[in-house]
Amino acid sequence: HSQFICLQNLICKIVERKFVVAKRNDANPVTLTCHTATDGAVTWKFHGEDIESDVELEDNVQLNGQNLSVSEVDTPMLGKYSCWRGKEMLSSTYLLLESEEEEELDNLSLSCWAKSFDCNFSCNWTHSERTPVRLGLGHDCERRKSCHWVSSDRFVDGRFQFELSHSLSPYAEESTKLELTAEAIINLSILRRTKRFYLRNIVQPDSPQIVNCQEGKDDLKVIIDAPSSWSTPHSFFSLEHEIEYVFKDDGKTGRSSSDLIPKGISKLRVRSRDSLVLSAWSQWTPWKNKKKHNYRPTVKCRRTSKQILSC
């Protein structure tokens with residue numbers, strides 16, 4: 001746990017400051033920018049030591065004004081670079097390596113889901129190592145042009161859990177995909193995975209609520225309510241339900257896509273999905289036993305009302 005916190009603090013320091021990502025042994029140099037509002041000569045340091053005194057770096061770095069160009073980047077060149085004027089540090093930049101390990105990328109798993117068409121959705125990031133990660137929502141997160149980054153310290157059952165929000169209107173036709181970028185830094189190498197999807201493709205309602213059953217002449221009518229997390233109004237965001245039931249006599253099962261089911265059942269359960277976009281089905285409700293309530297008729301009642309049963 002302490003190693004994880006230490007690594008997480010390192011990631012936070014890298015993220016808070018700017019970092020540059022290079023490809024291994026690429027002849028095209030990357031530029032490290034010295035962020036200062038004043039002119040004048042600056043010096044660069046690598047891990048606190050003057051670059052001019054680092055023999056291993058002298059063939060790969062070149063000072064261009066106040067900025068530093070680094071070419072043919074490899075593992076020994078990764079880490080913290082800082083620019084100085086005298087004893088004052090003006091800014092610092094981390095040089096990271098873009099991971100090209102297919103095995104590492106294959107180990108990354110990013111899954112997302114939404115309980116409704118409201119502005120929130122959730123994601124899980126699964127990786128073989130417990131390394132801090134962050135998710136960026138927006139287009140071109142790699143270049144940091146339009147991106148909202150979210151970090152997570154919730155690590156449950158081998159997964160980091162994220163809560164994100166979007167600005168899509170739930171009442172308009174969805175024409176633009178959400179673009180999600182996941183980043184993890186492992187040993188000063190950055191792993192990146194991008195996922196694009198329509199919100200409608202990740203919607204999975206919570207389980208509905210079985211209110212009661214009304215006994216008719218030939219069948220039972222199941223009264224079902226949408227889950228409390230589902231978008232409103234329900235007349236616009238309609239759900240379709242599927243009922244699974246078990247016959248009392250022989251234990252066989254049946255299913256119904258309407259709210260009517262046979263009378264002779266012992267138990268039932270229900271699941272729901274969006275009826276327009278045919279979203280993923282919700283989880284089944286727990287099985288409910290059919291229990292008949294006994295109601296005493298009143299003297300004033302001339303009509304026999306439908307019997308109400310608890311499911």
# chains A, B, ... in the order shown; residues from 1 in each chain; ligands from 1
call {"tool": "residues_around", "arguments": {"residues": "Ser175 of chain A", "least_positions_apart": "3", "cutoff": "12 Å", "atoms": "only C-alpha atoms", "output": "ChimeraX atom specification"}}
result
/A:168-170,172,178,197-200
call {"tool": "write_last_selection", "arguments": {"atoms": "N, CA and C atoms", "output": "PDB file, in the first residue's frame"}}
result
ATOM      1  N   LEU A 168     -23.921  16.217 -23.068  1.00  0.00           N
ATOM      2  CA  LEU A 168     -24.875  15.874 -24.119  1.00  0.00           C
ATOM      3  C   LEU A 168     -26.303  16.091 -23.632  1.00  0.00           C
ATOM      4  N   SER A 169     -27.153  16.583 -24.519  1.00  0.00           N
ATOM      5  CA  SER A 169     -28.554  16.756 -24.166  1.00  0.00           C
ATOM      6  C   SER A 169     -29.275  15.417 -24.267  1.00  0.00           C
ATOM      7  N   PRO A 170     -29.991  14.996 -23.231  1.00  0.00           N
ATOM      8  CA  PRO A 170     -30.697  13.709 -23.294  1.00  0.00           C
ATOM      9  C   PRO A 170     -31.914  13.744 -24.213  1.00  0.00           C
ATOM     10  N   ALA A 172     -31.952  15.355 -27.292  1.00  0.00           N
ATOM     11  CA  ALA A 172     -31.577  15.529 -28.696  1.00  0.00           C
ATOM     12  C   ALA A 172     -31.041  14.225 -29.263  1.00  0.00           C
ATOM     13  N   LEU A 178     -18.800  10.113 -27.697  1.00  0.00           N
ATOM     14  CA  LEU A 178     -17.928  10.505 -26.596  1.00  0.00           C
ATOM     15  C   LEU A 178     -16.543   9.910 -26.841  1.00  0.00           C
ATOM     16  N   PHE A 197     -17.418   6.053 -28.184  1.00  0.00           N
ATOM     17  CA  PHE A 197     -18.695   5.355 -28.121  1.00  0.00           C
ATOM     18  C   PHE A 197     -19.824   6.371 -28.033  1.00  0.00           C
ATOM     19  N   TYR A 198     -21.007   5.937 -28.470  1.00  0.00           N
ATOM     20  CA  TYR A 198     -22.217   6.712 -28.239  1.00  0.00           C
ATOM     21  C   TYR A 198     -22.719   6.408 -26.826  1.00  0.00           C
ATOM     22  N   LEU A 199     -23.288   7.412 -26.187  1.00  0.00           N
ATOM     23  CA  LEU A 199     -23.826   7.204 -24.853  1.00  0.00           C
ATOM     24  C   LEU A 199     -24.892   6.124 -24.873  1.00  0.00           C
ATOM     25  N   ARG A 200     -25.703   6.101 -25.909  1.00  0.00           N
ATOM     26  CA  ARG A 200     -26.796   5.119 -25.987  1.00  0.00           C
ATOM     27  C   ARG A 200     -26.285   3.684 -25.990  1.00  0.00           C
TER      28      ARG A 200
END
call {"tool": "closest_atom_pairs", "arguments": {"of": "segment 124-222 of chain A", "to": "segment 81-100 of chain A", "cutoff": "7 Å", "atoms": "only C-alpha atoms", "output": "JSON lines"}}
result
{"residue": "A:Leu188", "atom": "CA", "partner": "A:Leu96", "partner_atom": "CA", "distance": 5.3}
{"residue": "A:Ser189", "atom": "CA", "partner": "A:Leu97", "partner_atom": "CA", "distance": 4.5}
{"residue": "A:Ile190", "atom": "CA", "partner": "A:Glu98", "partner_atom": "CA", "distance": 5.2}
{"residue": "A:Leu191", "atom": "CA", "partner": "A:Ser99", "partner_atom": "CA", "distance": 5.5}
call {"tool": "select_by_dssp", "arguments": {"residues": "segment 25-250 of chain A", "states": "strand (DSSP E)", "output": "number ranges by chain"}}
result
A: 30-32, 43-46, 49-50, 61-64, 67-70, 79-85, 88-98, 109-113, 120-126, 133-137, 148-151, 155-156, 159-165, 178-186, 189-197, 209-215, 219-225, 239-247
call {"tool": "residues_around", "arguments": {"residues": "segment 27-41 of chain A", "least_positions_apart": "3", "cutoff": "6 Å", "atoms": "only C-alpha atoms", "output": "PyMOL selection string"}}
result
chain A and resi 66-72+83+91
call {"tool": "write_last_selection", "arguments": {"atoms": "C-alpha atoms", "output": "tab-separated table (two decimals), in the first residue's frame"}}
result
chain	number	residue	atom	x	y	z
A	66	GLN	CA	15.44	28.98	-23.74
A	67	ASN	CA	14.07	25.58	-24.82
A	68	LEU	CA	15.75	22.20	-24.97
A	69	SER	CA	15.58	19.72	-27.87
A	70	VAL	CA	16.08	16.04	-27.07
A	71	SER	CA	16.54	13.43	-29.80
A	72	GLU	CA	16.78	9.62	-29.92
A	83	CYS	CA	15.29	25.15	-16.46
A	91	SER	CA	9.83	25.50	-14.61
call {"tool": "residues_around", "arguments": {"residues": "His148 of chain A", "least_positions_apart": "4", "cutoff": "7 Å", "atoms": "only C-alpha atoms", "output": "VMD selection string"}}
result
chain A and resid 136 to 138
call {"tool": "residues_around", "arguments": {"residues": "segment 222-225 of chain A", "least_positions_apart": "6", "cutoff": "10 Å", "atoms": "only C-alpha atoms", "output": "MDAnalysis selection string"}}
result
chainID A and resid 207:215 234 239 241 243 258:261 268 270:272 309:311
call {"tool": "atom_distance", "arguments": {"atom1": "atom CA of Phe117 of chain A", "atom2": "atom CA of Gln283 of chain A"}}
result
17.5 Å
call {"tool": "closest_residue", "arguments": {"among": "A:Ser229, A:Gln62, A:Asn25, A:Ser116", "to": "Asp74 of chain A", "atoms": "only C-alpha atoms"}}
result
A:Asn25
call {"tool": "residues_around", "arguments": {"residues": "Trp149 of chain A", "least_positions_apart": "6", "cutoff": "12 Å", "atoms": "only C-alpha atoms", "output": "list in words"}}
result
Val15, Glu16, Val133, Arg134, Leu135, Gly136, Leu137, Gly138, His139, Cys141, Glu142, Phe162, Glu163, Leu164, Ser165, Leu180, Thr181, Ala182 and Glu183 of chain A
call {"tool": "decode", "arguments": {"residues": "segment 236-249 of chain A", "atoms": "all heavy atoms", "output": "JSON list (two decimals), in the first residue's frame"}}
result
[["chain", "number", "residue", "atom", "x", "y", "z"],
["A", 236, "PHE", "N", -41.35, 9.91, -21.87],
["A", 236, "PHE", "CA", -40.40, 10.16, -22.96],
["A", 236, "PHE", "C", -39.31, 9.09, -22.99],
["A", 236, "PHE", "O", -38.97, 8.56, -24.04],
["A", 236, "PHE", "CB", -39.78, 11.55, -22.80],
["A", 236, "PHE", "CG", -38.86, 11.96, -23.92],
["A", 236, "PHE", "CD1", -39.37, 12.54, -25.08],
["A", 236, "PHE", "CD2", -37.48, 11.76, -23.83],
["A", 236, "PHE", "CE1", -38.52, 12.91, -26.12],
["A", 236, "PHE", "CE2", -36.64, 12.12, -24.86],
["A", 236, "PHE", "CZ", -37.16, 12.70, -26.01],
["A", 237, "PHE", "N", -38.77, 8.77, -21.83],
["A", 237, "PHE", "CA", -37.73, 7.74, -21.71],
["A", 237, "PHE", "C", -38.42, 6.43, -21.31],
["A", 237, "PHE", "O", -38.42, 6.04, -20.14],
["A", 237, "PHE", "CB", -36.68, 8.14, -20.68],
["A", 237, "PHE", "CG", -35.93, 9.40, -21.03],
["A", 237, "PHE", "CD1", -36.30, 10.61, -20.47],
["A", 237, "PHE", "CD2", -34.89, 9.38, -21.94],
["A", 237, "PHE", "CE1", -35.63, 11.77, -20.79],
["A", 237, "PHE", "CE2", -34.21, 10.54, -22.27],
["A", 237, "PHE", "CZ", -34.58, 11.73, -21.70],
["A", 238, "SER", "N", -39.00, 5.79, -22.27],
["A", 238, "SER", "CA", -39.81, 4.60, -21.98],
["A", 238, "SER", "C", -38.94, 3.35, -21.86],
["A", 238, "SER", "O", -37.89, 3.23, -22.50],
["A", 238, "SER", "CB", -40.84, 4.39, -23.09],
["A", 238, "SER", "OG", -40.21, 4.26, -24.35],
["A", 239, "LEU", "N", -39.39, 2.44, -21.01],
["A", 239, "LEU", "CA", -38.72, 1.17, -20.80],
["A", 239, "LEU", "C", -39.62, 0.03, -21.25],
["A", 239, "LEU", "O", -40.85, 0.11, -21.12],
["A", 239, "LEU", "CB", -38.36, 0.97, -19.33],
["A", 239, "LEU", "CG", -37.20, 1.79, -18.76],
["A", 239, "LEU", "CD1", -37.14, 1.60, -17.24],
["A", 239, "LEU", "CD2", -35.88, 1.42, -19.40],
["A", 240, "GLU", "N", -39.02, -1.01, -21.76],
["A", 240, "GLU", "CA", -39.76, -2.25, -21.99],
["A", 240, "GLU", "C", -39.27, -3.28, -20.98],
["A", 240, "GLU", "O", -38.11, -3.26, -20.57],
["A", 240, "GLU", "CB", -39.58, -2.76, -23.42],
["A", 240, "GLU", "CG", -38.18, -3.18, -23.80],
["A", 240, "GLU", "CD", -38.15, -3.79, -25.20],
["A", 240, "GLU", "OE1", -38.42, -5.00, -25.30],
["A", 240, "GLU", "OE2", -37.84, -3.07, -26.16],
["A", 241, "HIS", "N", -40.17, -4.18, -20.58],
["A", 241, "HIS", "CA", -39.86, -5.14, -19.52],
["A", 241, "HIS", "C", -39.99, -6.57, -20.05],
["A", 241, "HIS", "O", -40.74, -6.85, -20.97],
["A", 241, "HIS", "CB", -40.80, -4.95, -18.33],
["A", 241, "HIS", "CG", -40.89, -3.55, -17.84],
["A", 241, "HIS", "ND1", -39.84, -2.89, -17.26],
["A", 241, "HIS", "CD2", -41.93, -2.65, -17.88],
["A", 241, "HIS", "CE1", -40.21, -1.67, -16.93],
["A", 241, "HIS", "NE2", -41.48, -1.50, -17.30],
["A", 242, "GLU", "N", -39.24, -7.44, -19.42],
["A", 242, "GLU", "CA", -39.37, -8.87, -19.69],
["A", 242, "GLU", "C", -39.54, -9.57, -18.35],
["A", 242, "GLU", "O", -38.78, -9.32, -17.41],
["A", 242, "GLU", "CB", -38.15, -9.42, -20.43],
["A", 242, "GLU", "CG", -38.30, -10.87, -20.82],
["A", 242, "GLU", "CD", -37.13, -11.39, -21.65],
["A", 242, "GLU", "OE1", -35.97, -11.16, -21.23],
["A", 242, "GLU", "OE2", -37.38, -12.02, -22.69],
["A", 243, "ILE", "N", -40.55, -10.43, -18.29],
["A", 243, "ILE", "CA", -40.87, -11.14, -17.05],
["A", 243, "ILE", "C", -40.53, -12.62, -17.22],
["A", 243, "ILE", "O", -40.93, -13.24, -18.21],
["A", 243, "ILE", "CB", -42.36, -10.99, -16.69],
["A", 243, "ILE", "CG1", -42.77, -9.52, -16.65],
["A", 243, "ILE", "CG2", -42.67, -11.67, -15.36],
["A", 243, "ILE", "CD1", -44.26, -9.30, -16.52],
["A", 244, "GLU", "N", -39.80, -13.15, -16.28],
["A", 244, "GLU", "CA", -39.53, -14.60, -16.25],
["A", 244, "GLU", "C", -40.27, -15.17, -15.04],
["A", 244, "GLU", "O", -40.25, -14.58, -13.95],
["A", 244, "GLU", "CB", -38.04, -14.88, -16.15],
["A", 244, "GLU", "CG", -37.71, -16.36, -16.28],
["A", 244, "GLU", "CD", -36.22, -16.62, -16.35],
["A", 244, "GLU", "OE1", -35.46, -16.00, -15.57],
["A", 244, "GLU", "OE2", -35.81, -17.45, -17.17],
["A", 245, "TYR", "N", -40.92, -16.31, -15.23],
["A", 245, "TYR", "CA", -41.73, -16.89, -14.16],
["A", 245, "TYR", "C", -41.57, -18.40, -14.12],
["A", 245, "TYR", "O", -41.11, -19.03, -15.09],
["A", 245, "TYR", "CB", -43.21, -16.53, -14.34],
["A", 245, "TYR", "CG", -43.74, -16.76, -15.73],
["A", 245, "TYR", "CD1", -44.23, -18.02, -16.13],
["A", 245, "TYR", "CD2", -43.73, -15.73, -16.67],
["A", 245, "TYR", "CE1", -44.70, -18.22, -17.41],
["A", 245, "TYR", "CE2", -44.20, -15.93, -17.96],
["A", 245, "TYR", "CZ", -44.68, -17.18, -18.33],
["A", 245, "TYR", "OH", -45.13, -17.39, -19.61],
["A", 246, "VAL", "N", -41.90, -18.98, -12.99],
["A", 246, "VAL", "CA", -41.80, -20.43, -12.78],
["A", 246, "VAL", "C", -43.20, -20.96, -12.46],
["A", 246, "VAL", "O", -43.89, -20.43, -11.57],
["A", 246, "VAL", "CB", -40.84, -20.76, -11.63],
["A", 246, "VAL", "CG1", -40.81, -22.26, -11.37],
["A", 246, "VAL", "CG2", -39.44, -20.24, -11.93],
["A", 247, "PHE", "N", -43.62, -22.00, -13.22],
["A", 247, "PHE", "CA", -44.92, -22.60, -12.98],
["A", 247, "PHE", "C", -44.92, -23.39, -11.66],
["A", 247, "PHE", "O", -43.95, -24.09, -11.34],
["A", 247, "PHE", "CB", -45.31, -23.52, -14.13],
["A", 247, "PHE", "CG", -45.75, -22.77, -15.35],
["A", 247, "PHE", "CD1", -44.87, -22.58, -16.41],
["A", 247, "PHE", "CD2", -47.03, -22.25, -15.45],
["A", 247, "PHE", "CE1", -45.26, -21.88, -17.54],
["A", 247, "PHE", "CE2", -47.43, -21.55, -16.58],
["A", 247, "PHE", "CZ", -46.55, -21.36, -17.63],
["A", 248, "LYS", "N", -46.01, -23.27, -10.93],
["A", 248, "LYS", "CA", -46.12, -23.91, -9.62],
["A", 248, "LYS", "C", -46.22, -25.43, -9.74],
["A", 248, "LYS", "O", -45.67, -26.17, -8.91],
["A", 248, "LYS", "CB", -47.35, -23.36, -8.90],
["A", 248, "LYS", "CG", -47.54, -23.87, -7.50],
["A", 248, "LYS", "CD", -48.56, -23.02, -6.73],
["A", 248, "LYS", "CE", -49.81, -22.78, -7.56],
["A", 248, "LYS", "NZ", -50.82, -21.98, -6.81],
["A", 249, "ASP", "N", -46.87, -25.94, -10.78],
["A", 249, "ASP", "CA", -47.12, -27.38, -10.88],
["A", 249, "ASP", "C", -45.90, -28.18, -11.27],
["A", 249, "ASP", "O", -45.58, -29.20, -10.65],
["A", 249, "ASP", "CB", -48.25, -27.64, -11.88],
["A", 249, "ASP", "CG", -49.57, -27.07, -11.38],
["A", 249, "ASP", "OD1", -49.70, -26.90, -10.15],
["A", 249, "ASP", "OD2", -50.45, -26.81, -12.22]]
